[in-house]
file structure-v4.csv (CSV, C-alpha atoms and all ligand atoms)
chain,number,residue,atom,x,y,z
A,186,MET,CA,116.4,29.2,126.6
A,187,GLU,CA,116.9,29.7,130.3
A,188,GLU,CA,114.9,32.8,130.3
A,189,LYS,CA,112.0,31.1,128.5
A,190,LYS,CA,112.0,28.4,131.2
A,191,GLU,CA,111.9,30.9,133.9
A,192,LEU,CA,109.0,32.7,132.2
A,193,GLN,CA,107.1,29.4,131.9
A,194,LEU,CA,107.8,28.7,135.6
A,195,GLU,CA,106.5,32.1,136.5
A,196,LYS,CA,103.4,31.5,134.5
A,197,SER,CA,102.6,28.2,135.9
A,198,SER,CA,103.3,29.3,139.5
A,199,LYS,CA,101.0,32.2,138.9
A,200,LYS,CA,98.3,29.8,137.7
A,201,THR,CA,98.4,27.8,140.9
A,202,LYS,CA,98.9,30.8,143.3
A,203,GLY,CA,96.1,33.1,142.3
A,204,PRO,CA,94.9,35.8,142.2
A,205,TYR,CA,92.0,34.2,144.0
A,206,ARG,CA,88.5,35.4,143.6
A,207,ASN,CA,87.3,37.5,146.5
A,208,PHE,CA,83.6,36.6,147.1
A,209,PRO,CA,81.0,38.6,149.0
A,210,MET,CA,78.8,36.5,151.3
A,211,VAL,CA,75.4,37.1,152.8
A,212,PRO,CA,76.4,39.2,155.9
A,213,ARG,CA,73.4,38.4,158.1
A,214,VAL,CA,71.2,35.3,158.4
A,215,VAL,CA,68.6,34.0,160.8
A,216,PHE,CA,67.7,30.3,161.1
A,217,GLY,CA,64.8,29.0,163.1
A,218,HIS,CA,61.3,27.9,163.2
A,219,GLY,CA,59.0,30.9,163.1
A,220,SER,CA,61.9,33.2,162.5
A,221,PHE,CA,59.8,34.9,159.7
A,222,ASP,CA,58.1,36.9,162.5
A,223,GLN,CA,61.4,38.7,163.2
A,224,LEU,CA,61.2,40.4,159.8
A,225,GLY,CA,59.5,43.6,161.2
A,226,GLU,CA,62.2,44.0,163.8
A,227,ILE,CA,64.9,43.4,161.2
A,228,LEU,CA,63.5,46.0,158.7
A,229,MET,CA,62.8,48.7,161.3
A,230,PRO,CA,66.4,50.2,161.5
A,231,ARG,CA,66.6,50.0,157.7
A,232,ARG,CA,63.6,52.2,157.1
A,233,ASN,CA,64.7,55.5,155.6
A,234,SER,CA,61.6,57.6,155.6
A,235,ASP,CA,57.8,57.3,155.3
A,236,GLU,CA,58.2,57.8,151.5
A,237,ALA,CA,60.7,54.9,151.3
A,238,PRO,CA,58.6,51.8,151.9
A,239,ALA,CA,59.5,48.1,152.0
A,240,ILE,CA,58.4,46.3,148.9
A,241,TYR,CA,57.5,42.6,149.3
A,242,LEU,CA,57.7,40.5,146.2
A,243,VAL,CA,55.8,37.4,147.2
A,244,ASP,CA,55.0,34.1,145.3
A,245,ASP,CA,51.3,34.3,144.4
A,246,VAL,CA,50.9,30.7,145.7
A,247,PHE,CA,50.6,32.5,149.1
A,248,THR,CA,47.6,34.7,148.0
A,249,ASP,CA,45.1,34.7,150.8
A,250,SER,CA,47.4,32.6,153.0
A,251,ALA,CA,48.2,33.2,156.7
A,252,LEU,CA,51.8,34.1,155.6
A,253,ILE,CA,50.5,37.3,153.9
A,254,GLU,CA,48.8,38.3,157.2
A,255,ARG,CA,52.2,38.0,159.0
A,256,ILE,CA,54.0,40.4,156.6
A,257,PRO,CA,55.0,43.4,158.8
A,258,MET,CA,53.3,46.2,156.8
A,259,HIS,CA,54.2,49.7,157.8
A,260,GLY,CA,53.4,53.1,156.3
A,261,LYS,CA,53.5,52.9,152.5
A,262,ASP,CA,54.8,49.3,152.3
A,263,LYS,CA,53.5,47.3,149.4
A,264,ILE,CA,53.0,43.6,148.6
A,265,ILE,CA,53.4,42.6,145.0
A,266,LEU,CA,52.2,39.0,144.3
A,267,ILE,CA,54.0,37.4,141.5
A,268,SER,CA,53.5,34.0,139.8
A,269,ALA,CA,56.5,31.6,139.8
A,270,ASP,CA,55.0,29.6,136.9
A,271,LYS,CA,57.6,31.1,134.6
A,272,GLU,CA,61.2,31.8,135.3
A,273,PRO,CA,62.1,35.5,135.7
A,274,LYS,CA,62.7,37.6,132.7
A,275,THR,CA,64.6,40.8,132.2
A,276,GLU,CA,61.5,42.5,130.9
A,277,GLN,CA,59.6,41.6,134.0
A,278,VAL,CA,62.3,43.0,136.2
A,279,ASP,CA,62.4,46.3,134.1
A,280,ASN,CA,58.6,46.6,134.4
A,281,LEU,CA,58.6,46.1,138.2
A,282,VAL,CA,61.3,48.7,138.6
A,283,THR,CA,59.3,51.2,136.5
A,284,THR,CA,56.2,50.5,138.5
A,285,ILE,CA,58.0,51.1,141.8
A,286,LYS,CA,59.7,54.2,140.6
A,287,GLU,CA,56.5,55.7,139.3
A,288,GLU,CA,54.6,55.0,142.5
A,289,TYR,CA,57.1,56.4,145.1
A,290,LYS,CA,59.1,59.6,145.4
A,291,GLU,CA,62.0,57.9,147.0
A,292,LEU,CA,63.8,54.6,146.5
A,293,PRO,CA,62.4,51.8,148.6
A,294,SER,CA,64.1,51.1,151.9
A,295,ALA,CA,64.0,47.4,151.3
A,296,ILE,CA,63.1,44.8,148.7
A,297,VAL,CA,62.0,41.6,150.3
A,298,GLY,CA,61.7,38.4,148.2
A,299,ILE,CA,59.5,35.7,149.6
A,300,GLY,CA,59.3,32.4,147.6
A,301,GLY,CA,61.6,30.0,145.7
A,302,GLY,CA,64.5,30.7,143.4
A,303,THR,CA,62.1,32.6,141.0
A,304,LEU,CA,61.0,35.2,143.6
A,305,LEU,CA,64.5,35.3,145.2
A,306,ASP,CA,66.1,36.1,141.9
A,307,LEU,CA,63.4,38.7,141.0
A,308,ALA,CA,64.0,40.4,144.4
A,309,LYS,CA,67.8,40.5,143.8
A,310,ALA,CA,67.4,41.8,140.3
A,311,VAL,CA,64.9,44.5,141.2
A,312,ALA,CA,67.0,45.7,144.1
A,313,ILE,CA,70.0,46.1,141.7
A,314,MET,CA,68.1,47.7,138.9
A,315,LEU,CA,66.4,50.3,141.2
A,316,ASN,CA,69.9,51.8,141.5
A,317,ASN,CA,71.3,51.1,138.0
A,318,ASP,CA,70.2,52.7,134.7
A,319,GLY,CA,68.8,51.0,131.6
A,320,SER,CA,67.5,47.5,131.1
A,321,SER,CA,68.5,44.6,133.3
A,322,ALA,CA,69.5,42.8,130.1
A,323,LEU,CA,72.5,45.1,130.0
A,324,TYR,CA,73.8,43.6,133.2
A,325,GLN,CA,73.5,39.9,132.4
A,326,GLY,CA,77.1,38.7,132.7
A,327,TRP,CA,79.9,39.1,135.1
A,328,ASP,CA,80.6,42.2,137.2
A,329,LEU,CA,78.8,44.7,135.0
A,330,VAL,CA,76.8,46.4,137.8
A,331,HIS,CA,78.1,49.8,138.8
A,332,ASN,CA,76.1,50.9,141.8
A,333,PRO,CA,75.2,49.0,145.0
A,334,ALA,CA,71.7,47.5,145.1
A,335,VAL,CA,68.9,48.7,147.4
A,336,TYR,CA,69.0,46.8,150.7
A,337,HIS,CA,67.4,43.4,150.0
A,338,VAL,CA,66.2,40.4,152.0
A,339,GLY,CA,65.6,36.9,150.9
A,340,ILE,CA,63.2,34.5,152.5
A,341,PRO,CA,63.1,31.1,150.8
A,342,THR,CA,59.8,29.0,150.9
A,343,ILE,CA,61.2,26.0,149.0
A,344,SER,CA,64.8,24.7,149.2
A,345,GLY,CA,67.5,23.6,146.8
A,346,THR,CA,68.6,26.2,144.3
A,347,GLY,CA,71.0,28.0,146.7
A,348,ALA,CA,69.6,31.3,145.3
A,349,GLU,CA,69.4,32.6,148.9
A,350,VAL,CA,73.1,32.5,149.2
A,351,SER,CA,74.4,33.0,145.6
A,352,ARG,CA,76.1,35.9,143.9
A,353,THR,CA,73.8,35.6,140.8
A,354,THR,CA,70.3,36.2,139.7
A,355,VAL,CA,69.4,34.1,136.7
A,356,LEU,CA,67.2,36.0,134.1
A,357,LEU,CA,65.9,35.1,130.8
A,358,GLY,CA,66.7,38.0,128.5
A,359,PRO,CA,65.9,38.8,124.9
A,360,GLU,CA,69.2,37.1,123.8
A,361,LYS,CA,70.3,34.8,126.5
A,362,LYS,CA,69.5,33.2,129.8
A,363,LEU,CA,72.3,34.4,132.1
A,364,GLY,CA,72.7,35.7,135.6
A,365,ILE,CA,73.6,39.1,136.8
A,366,ASN,CA,76.7,38.0,138.6
A,367,SER,CA,78.0,40.8,140.8
A,368,ASP,CA,79.2,41.7,144.3
A,369,TYR,CA,76.0,43.6,144.7
A,370,THR,CA,73.7,40.6,144.0
A,371,PRO,CA,73.8,38.7,147.3
A,372,PHE,CA,71.2,39.4,149.8
A,373,ASP,CA,72.0,41.7,152.7
A,374,GLN,CA,69.9,39.5,155.0
A,375,VAL,CA,68.4,36.1,154.7
A,376,ILE,CA,65.7,34.5,156.9
A,377,LEU,CA,65.7,30.7,157.0
A,378,ASP,CA,62.5,29.6,158.5
A,379,PRO,CA,61.9,25.9,157.8
A,380,GLU,CA,58.2,26.2,158.6
A,381,LEU,CA,57.7,28.1,155.4
A,382,LEU,CA,58.6,25.0,153.4
A,383,GLN,CA,55.4,23.3,154.5
A,384,GLY,CA,52.9,22.9,151.6
A,385,VAL,CA,55.5,22.5,148.8
A,386,PRO,CA,54.0,19.9,146.4
A,387,LYS,CA,56.0,16.6,146.5
A,388,GLU,CA,57.2,16.6,142.9
A,389,GLN,CA,58.4,20.2,143.1
A,390,TRP,CA,60.1,19.5,146.5
A,391,PHE,CA,61.9,16.7,144.8
A,392,TYR,CA,62.9,18.6,141.6
A,393,THR,CA,64.1,21.7,143.5
A,394,GLY,CA,65.9,19.4,146.1
A,395,MET,CA,67.6,17.6,143.3
A,396,ASP,CA,68.9,20.9,142.0
A,397,CYS,CA,70.9,21.0,145.3
A,398,TYR,CA,72.0,17.3,145.0
A,399,ILE,CA,73.2,18.0,141.4
A,400,HIS,CA,75.0,21.1,142.5
A,401,CYS,CA,76.9,18.9,145.0
A,402,VAL,CA,77.8,16.2,142.5
A,403,GLU,CA,78.9,18.7,139.8
A,404,SER,CA,80.9,20.7,142.3
A,405,LEU,CA,82.6,17.7,144.0
A,406,THR,CA,83.6,16.0,140.7
A,407,GLY,CA,84.6,19.2,139.0
A,408,THR,CA,88.1,20.3,138.1
A,409,TYR,CA,87.6,23.6,139.8
A,410,LEU,CA,87.2,22.0,143.2
A,411,ASN,CA,89.2,23.3,146.1
A,412,ALA,CA,89.0,22.7,149.8
A,413,PHE,CA,86.6,25.6,150.3
A,414,SER,CA,84.0,24.2,147.9
A,415,GLU,CA,84.6,20.7,149.0
A,416,SER,CA,83.9,21.4,152.6
A,417,TYR,CA,80.5,22.9,151.7
A,418,GLY,CA,79.7,20.4,149.0
A,419,GLU,CA,80.4,17.4,151.2
A,420,LYS,CA,78.2,18.7,153.9
A,421,ALA,CA,75.4,19.5,151.4
A,422,LEU,CA,75.7,16.0,149.9
A,423,GLU,CA,75.5,14.3,153.2
A,424,LEU,CA,72.4,16.3,154.1
A,425,CYS,CA,70.7,15.5,150.7
A,426,GLU,CA,71.3,11.8,151.3
A,427,GLU,CA,69.7,12.1,154.7
A,428,VAL,CA,66.7,14.0,153.3
A,429,PHE,CA,66.1,11.9,150.2
A,430,LEU,CA,67.3,8.4,151.3
A,431,GLY,CA,67.2,8.5,155.1
A,432,ASP,CA,64.5,7.7,157.5
A,433,ILE,CA,63.7,11.0,159.1
A,434,SER,CA,60.6,13.1,160.0
A,435,ASP,CA,59.2,15.7,157.6
A,436,ALA,CA,60.2,18.4,160.0
A,437,GLU,CA,63.8,17.2,160.2
A,438,ALA,CA,63.9,16.9,156.5
A,439,ARG,CA,62.8,20.5,156.0
A,440,ASP,CA,65.5,21.8,158.4
A,441,LYS,CA,68.2,19.7,156.7
A,442,LEU,CA,67.2,20.5,153.1
A,443,MET,CA,67.2,24.2,154.0
A,444,MET,CA,70.8,23.9,155.2
A,445,ALA,CA,71.7,21.6,152.3
A,446,SER,CA,70.6,24.3,149.9
A,447,TRP,CA,72.7,26.9,151.7
A,448,HIS,CA,75.8,24.7,151.7
A,449,GLY,CA,75.3,23.6,148.1
A,450,GLY,CA,75.0,27.2,147.0
A,451,MET,CA,78.2,28.0,148.9
A,452,SER,CA,80.0,25.1,147.3
A,453,ILE,CA,79.4,26.3,143.7
A,454,ALA,CA,80.5,29.8,144.5
A,455,TYR,CA,84.1,28.9,144.1
A,456,SER,CA,83.8,25.9,141.9
A,457,GLN,CA,81.0,25.6,139.3
A,458,VAL,CA,78.2,23.4,138.2
A,459,GLY,CA,78.7,21.0,135.3
A,460,VAL,CA,77.2,18.9,132.5
A,461,ALA,CA,73.6,18.7,133.8
A,462,HIS,CA,73.3,22.5,134.3
A,463,ALA,CA,75.0,23.3,130.9
A,464,MET,CA,72.4,21.0,129.1
A,465,SER,CA,69.5,22.1,131.3
A,466,TYR,CA,70.1,25.7,130.3
A,467,GLY,CA,69.6,24.6,126.7
A,468,LEU,CA,66.3,23.0,127.5
A,469,SER,CA,65.1,25.9,129.5
A,470,TYR,CA,66.0,28.4,126.8
A,471,LEU,CA,64.2,26.6,124.0
A,472,LEU,CA,61.3,25.0,125.8
A,473,GLY,CA,61.0,27.0,129.0
A,474,THR,CA,61.7,23.8,131.1
A,475,ARG,CA,62.0,24.8,134.7
A,476,HIS,CA,65.4,24.6,136.3
A,477,GLY,CA,64.8,21.8,138.8
A,478,ILE,CA,63.0,19.4,136.5
A,479,GLY,CA,65.3,20.3,133.6
A,480,ASN,CA,68.4,19.3,135.6
A,481,CYS,CA,66.7,15.9,136.5
A,482,LEU,CA,65.7,15.3,132.9
A,483,VAL,CA,69.3,15.6,131.8
A,484,PHE,CA,71.0,14.1,134.9
A,485,GLN,CA,69.3,10.7,134.5
A,486,TYR,CA,71.3,10.2,131.3
A,487,LEU,CA,74.7,11.3,132.5
A,488,GLU,CA,76.0,8.1,134.0
A,489,GLU,CA,79.0,8.5,131.7
A,490,PHE,CA,80.1,11.7,133.5
A,491,TYR,CA,78.7,11.1,136.9
A,492,PRO,CA,78.4,7.3,137.4
A,493,GLU,CA,78.0,7.2,141.2
A,494,GLY,CA,75.9,10.3,141.2
A,495,VAL,CA,73.3,8.9,138.8
A,496,VAL,CA,73.0,5.6,140.7
A,497,VAL,CA,72.2,7.5,143.9
A,498,PHE,CA,69.8,9.8,142.0
A,499,ASN,CA,67.9,6.8,140.6
A,500,LYS,CA,67.6,5.4,144.2
A,501,MET,CA,66.2,8.7,145.3
A,502,MET,CA,63.7,8.8,142.4
A,503,LYS,CA,62.6,5.3,143.3
A,504,LYS,CA,62.2,5.9,147.0
A,505,HIS,CA,59.9,8.9,146.3
A,506,GLY,CA,58.0,7.3,143.4
A,507,ILE,CA,59.0,10.1,141.0
A,508,GLN,CA,58.3,9.5,137.3
A,509,LEU,CA,60.0,12.0,135.0
A,510,PRO,CA,58.1,13.0,131.9
A,511,LYS,CA,59.3,11.4,128.7
A,512,GLY,CA,59.5,12.4,125.1
A,513,ILE,CA,60.3,16.1,125.8
A,514,CYS,CA,62.6,16.3,122.8
A,515,ALA,CA,60.8,13.8,120.6
A,516,ASN,CA,59.4,16.2,118.0
A,517,LEU,CA,62.1,18.8,117.9
A,518,THR,CA,63.5,20.0,114.5
A,519,ASP,CA,67.2,20.1,113.7
A,520,ASP,CA,67.1,23.8,114.1
A,521,GLN,CA,65.7,23.5,117.6
A,522,PHE,CA,68.3,20.9,118.6
A,523,ASN,CA,71.0,23.3,117.3
A,524,THR,CA,69.6,26.1,119.4
A,525,MET,CA,69.8,24.0,122.5
A,526,ILE,CA,73.2,22.8,121.6
A,527,LYS,CA,74.5,26.3,121.0
A,528,VAL,CA,73.1,27.6,124.3
A,529,SER,CA,74.6,24.7,126.1
A,530,LEU,CA,78.0,24.8,124.5
A,531,GLY,CA,78.1,28.5,125.3
A,532,MET,CA,78.4,27.7,129.1
A,533,VAL,CA,82.2,27.4,128.8
A,534,PRO,CA,83.1,27.6,132.6
A,535,LEU,CA,80.6,24.8,133.3
A,536,TRP,CA,82.1,22.5,130.7
A,537,GLU,CA,85.6,23.4,131.7
A,538,ASN,CA,84.8,22.6,135.3
A,539,ALA,CA,83.2,19.3,134.4
A,540,LEU,CA,85.7,18.0,131.9
A,541,GLY,CA,88.8,20.1,132.1
A,542,LYS,CA,90.5,22.4,129.6
A,543,ASP,CA,90.1,20.0,126.7
A,544,TRP,CA,86.4,19.6,127.2
A,545,ALA,CA,85.6,20.5,123.6
A,546,LYS,CA,87.3,17.3,122.4
A,547,VAL,CA,85.0,15.2,124.6
A,548,ILE,CA,81.7,17.1,124.2
A,549,THR,CA,80.8,17.6,120.5
A,550,PRO,CA,77.5,18.8,119.1
A,551,GLU,CA,76.7,15.3,118.0
A,552,LYS,CA,77.3,14.0,121.5
A,553,LEU,CA,75.0,16.6,123.0
A,554,LYS,CA,72.3,15.8,120.4
A,555,SER,CA,72.5,12.1,121.3
A,556,ILE,CA,71.8,12.9,124.9
A,557,TYR,CA,69.1,15.4,124.2
A,558,GLU,CA,67.3,12.9,122.0
A,559,LYS,CA,66.9,10.5,124.9
A,560,ILE,CA,65.0,13.1,127.0
B,1,LIG,P1,60.3,28.3,142.0
B,1,LIG,O1,60.5,29.6,142.8
B,1,LIG,O2,60.3,28.4,140.6
B,1,LIG,O3,58.9,27.7,142.5
B,1,LIG,C1,58.5,26.4,142.1
B,1,LIG,C2,57.1,26.2,142.4
B,1,LIG,O4,57.0,25.9,143.8
B,1,LIG,C3,56.2,27.3,142.1
B,1,LIG,O5,55.0,26.8,141.6
B,1,LIG,C4,55.9,28.0,143.4
B,1,LIG,O6,54.7,28.7,143.5
B,1,LIG,C5,55.9,26.8,144.3
B,1,LIG,N1,56.2,27.1,145.8
B,1,LIG,C6,57.3,27.7,146.3
B,1,LIG,N2,57.2,27.7,147.6
B,1,LIG,C7,56.1,27.0,148.0
B,1,LIG,C8,55.5,26.7,149.2
B,1,LIG,N3,56.0,27.0,150.4
B,1,LIG,N4,54.3,26.0,149.2
B,1,LIG,C9,53.7,25.7,148.0
B,1,LIG,N5,54.3,26.0,146.8
B,1,LIG,C10,55.4,26.6,146.8
B,1,LIG,O7,61.3,27.2,142.5
B,1,LIG,P2,62.8,27.0,142.6
B,1,LIG,O8,63.1,25.6,142.1
B,1,LIG,O9,63.3,27.3,144.0
B,1,LIG,O10,63.5,28.1,141.7
B,1,LIG,C11,63.8,27.9,140.3
B,1,LIG,C12,64.4,29.2,139.8
B,1,LIG,O11,65.6,29.5,140.5
B,1,LIG,C13,64.7,29.3,138.4
B,1,LIG,O12,64.3,30.5,137.8
B,1,LIG,C14,66.2,29.2,138.3
B,1,LIG,O13,66.8,29.9,137.2
B,1,LIG,C15,66.6,29.9,139.6
B,1,LIG,N6,67.9,29.5,140.2
B,1,LIG,C16,68.7,30.5,140.7
B,1,LIG,C17,69.9,30.3,141.2
B,1,LIG,C18,70.7,31.4,141.8
B,1,LIG,O14,71.8,31.1,142.3
B,1,LIG,N7,70.3,32.6,141.7
B,1,LIG,C19,70.4,29.0,141.3
B,1,LIG,C20,69.6,27.9,140.8
B,1,LIG,C21,68.3,28.2,140.2
B,2,ZN,ZN,71.0,24.7,139.8
call {"tool": "encode", "arguments": {"input": "structure-v4.csv", "output": "structure tokens", "more": "lines below"}}
Ligand code: NAD
Ligand code: ZN
result
Amino acid sequence: MEEKKELQLEKSSKKTKGPYRNFPMVPRVVFGHGSFDQLGEILMPRRNSDEAPAIYLVDDVFTDSALIERIPMHGKDKIILISADKEPKTEQVDNLVTTIKEEYKELPSAIVGIGGGTLLDLAKAVAIMLNNDGSSALYQGWDLVHNPAVYHVGIPTISGTGAEVSRTTVLLGPEKKLGINSDYTPFDQVILDPELLQGVPKEQWFYTGMDCYIHCVESLTGTYLNAFSESYGEKALELCEEVFLGDISDAEARDKLMMASWHGGMSIAYSQVGVAHAMSYGLSYLLGTRHGIGNCLVFQYLEEFYPEGVVVFNKMMKKHGIQLPKGICANLTDDQFNTMIKVSLGMVPLWENALGKDWAKVITPEKLKSIYEKI
């Protein structure tokens, strides 16, 4: 009996005393207006040879823009313009890797992603897959990557996802939508130039910004929260409230949203996201709904889980005159609902963070269906 008690004690003390996760962070970051122009100087010492170029993966929204002209092309460097209309796929990553390997004798010196979460995730995934065999679909999951990635740089042009700072690259694969979560995923260098955010269409600005706001709410109310996550989450939330509810200039708002995204991303490193993300993954898997808007579509109906968060969200929507589309799930079949529910329920850590160990007692398939039906 005594022994059993001791064992239990040992077990429970282990639970509260670690082992703690040992996270990599982005080792170098520049913040500043016009800092994009430092890219050439930053890449120079990383260049391995004339046969090892820098490859720039750039959102094709910048085709023929002044930004393209500012890319510091050198030797055999190459710009690949990519549409962000669809979220990144494993097949797309594999094709990019094949193209690059066929064209050059050596591995690139650098992969530079310029764009939003879509391009940043593509850049991370391509950098990893240039140095790891097989399809990127094999690495969707946690800590499955064997070899370090090629040196990679992230330059966000829209803020909110936290992809610039995170340890994952979210890919839609043949079987699942899941990130390549690994120590090799984070960027080696990030350039935060708020001027690049100019030109983002208002609704997209709001949806991607709300991704950050929802990261904060889900992290700060989650059961995984610790002081590390809380410190970043609180700062990000404060910045989001200034950006979306305050009375500040557009320039100030860009600076602050860029930093909110960074802190929001840091906050969910240790903790996790929650109900909105788990359900939004289902929408995205079945209907291809984009991450930012998908989170908003779900979040508006989550007052039961995030009462204060939803009130503030509604205020933000109102202030910016945002009307979310309706009837997204109106004509879905039972099979389609079941697919979404299955994908969503598969996000176990998210549910556990949101609702604790007994989450499955609270969140049943019927419950999920009743929320999806409202969207
Ligand atoms: P995005 O990259 O999908 O881009 C959204 C739209 O904004 C696109 O049409 C794009 O062309 C446009 N755009 C971007 N910058 C612009 C600019 N400066 N001017 C004009 N238009 C511009 O947007 P996002 O919301 O940042 O990213 C969503 C993606 O991020 C999803 O694929 C999601 O899975 C991923 N994500 C990743 C993480 C992570 O940690 N890796 C976290 C959250 C989301
Ligand atoms: Zn998100």
call {"tool": "closest_atom_pairs", "arguments": {"input": "structure-v4.csv", "of": "chain A", "to": "ligand ZN 2 (chain B)", "cutoff": "7 Å", "atoms": "only C-alpha atoms and all ligand atoms", "output": "Markdown table"}}
result
| residue | atom | partner | partner_atom | distance |
| --- | --- | --- | --- | --- |
| A:Thr346 | CA | B:ZN2 | ZN | 5.3 |
| A:Asp396 | CA | B:ZN2 | ZN | 4.9 |
| A:Cys397 | CA | B:ZN2 | ZN | 6.6 |
| A:His400 | CA | B:ZN2 | ZN | 6.0 |
| A:His462 | CA | B:ZN2 | ZN | 6.4 |
| A:His476 | CA | B:ZN2 | ZN | 6.6 |
| A:Gly477 | CA | B:ZN2 | ZN | 6.9 |
call {"tool": "residues_near_ligand", "arguments": {"input": "structure-v4.csv", "ligand": "ligand LIG 1 (chain B)", "cutoff": "8 Å", "atoms": "all atoms listed in the file", "output": "ChimeraX atom specification"}}
result
/A:244-247,268-273,300-306,341-356,364,381-386,389-390,392-394,396,450,475-477
call {"tool": "atom_distance", "arguments": {"input": "structure-v4.csv", "atom1": "atom CA of Thr524 of chain A", "atom2": "atom CA of Leu471 of chain A"}}
result
7.1 Å
call {"tool": "atom_distance", "arguments": {"input": "structure-v4.csv", "atom1": "atom CA of Lys263 of chain A", "atom2": "atom CA of Glu276 of chain A"}}
result
20.7 Å
call {"tool": "closest_residue", "arguments": {"input": "structure-v4.csv", "among": "A:Phe372, A:Leu329, A:Pro492, A:Glu291", "to": "Val311 of chain A", "atoms": "only C-alpha atoms"}}
result
A:Phe372
call {"tool": "residues_around", "arguments": {"input": "structure-v4.csv", "residues": "Gln485 of chain A", "least_positions_apart": "6", "cutoff": "10 Å", "atoms": "all atoms listed in the file", "output": "PDB file with C-alpha atoms, in the coordinates of the input"}}
result
ATOM      1  CA  ALA A 461      73.600  18.700 133.800  1.00  0.00           C
ATOM      2  CA  TYR A 491      78.700  11.100 136.900  1.00  0.00           C
ATOM      3  CA  GLY A 494      75.900  10.300 141.200  1.00  0.00           C
ATOM      4  CA  VAL A 495      73.300   8.900 138.800  1.00  0.00           C
ATOM      5  CA  VAL A 496      73.000   5.600 140.700  1.00  0.00           C
ATOM      6  CA  PHE A 498      69.800   9.800 142.000  1.00  0.00           C
ATOM      7  CA  ASN A 499      67.900   6.800 140.600  1.00  0.00           C
ATOM      8  CA  MET A 502      63.700   8.800 142.400  1.00  0.00           C
ATOM      9  CA  LEU A 509      60.000  12.000 135.000  1.00  0.00           C
ATOM     10  CA  LYS A 559      66.900  10.500 124.900  1.00  0.00           C
ATOM     11  CA  ILE A 560      65.000  13.100 127.000  1.00  0.00           C
TER      12      ILE A 560
END
call {"tool": "atom_distance", "arguments": {"input": "structure-v4.csv", "atom1": "atom CA of Ile285 of chain A", "atom2": "atom CA of Arg255 of chain A"}}
result
22.4 Å
call {"tool": "closest_residue", "arguments": {"input": "structure-v4.csv", "among": "A:Pro238, A:Pro230, A:Pro534, A:Pro204", "to": "Thr408 of chain A", "atoms": "all atoms listed in the file"}}
result
A:Pro534
call {"tool": "residues_around", "arguments": {"input": "structure-v4.csv", "residues": "Ile526 of chain A", "least_positions_apart": "6", "cutoff": "10 Å", "atoms": "only C-alpha atoms", "output": "list in words"}}
result
Ala463, Met464, Tyr466, Gly467, Leu468, Asp520, Thr549, Pro550, Glu551, Lys552, Leu553, Lys554 and Tyr557 of chain A
call {"tool": "closest_residue", "arguments": {"input": "structure-v4.csv", "among": "A:Gly358, A:Gly449, A:Pro379, A:Gly260", "to": "Ile399 of chain A", "atoms": "all atoms listed in the file"}}
result
A:Gly449
call {"tool": "closest_residue", "arguments": {"input": "structure-v4.csv", "among": "A:Leu424, A:Glu419, A:Lys504, A:Glu403", "to": "Val460 of chain A", "atoms": "only C-alpha atoms"}}
result
A:Glu403
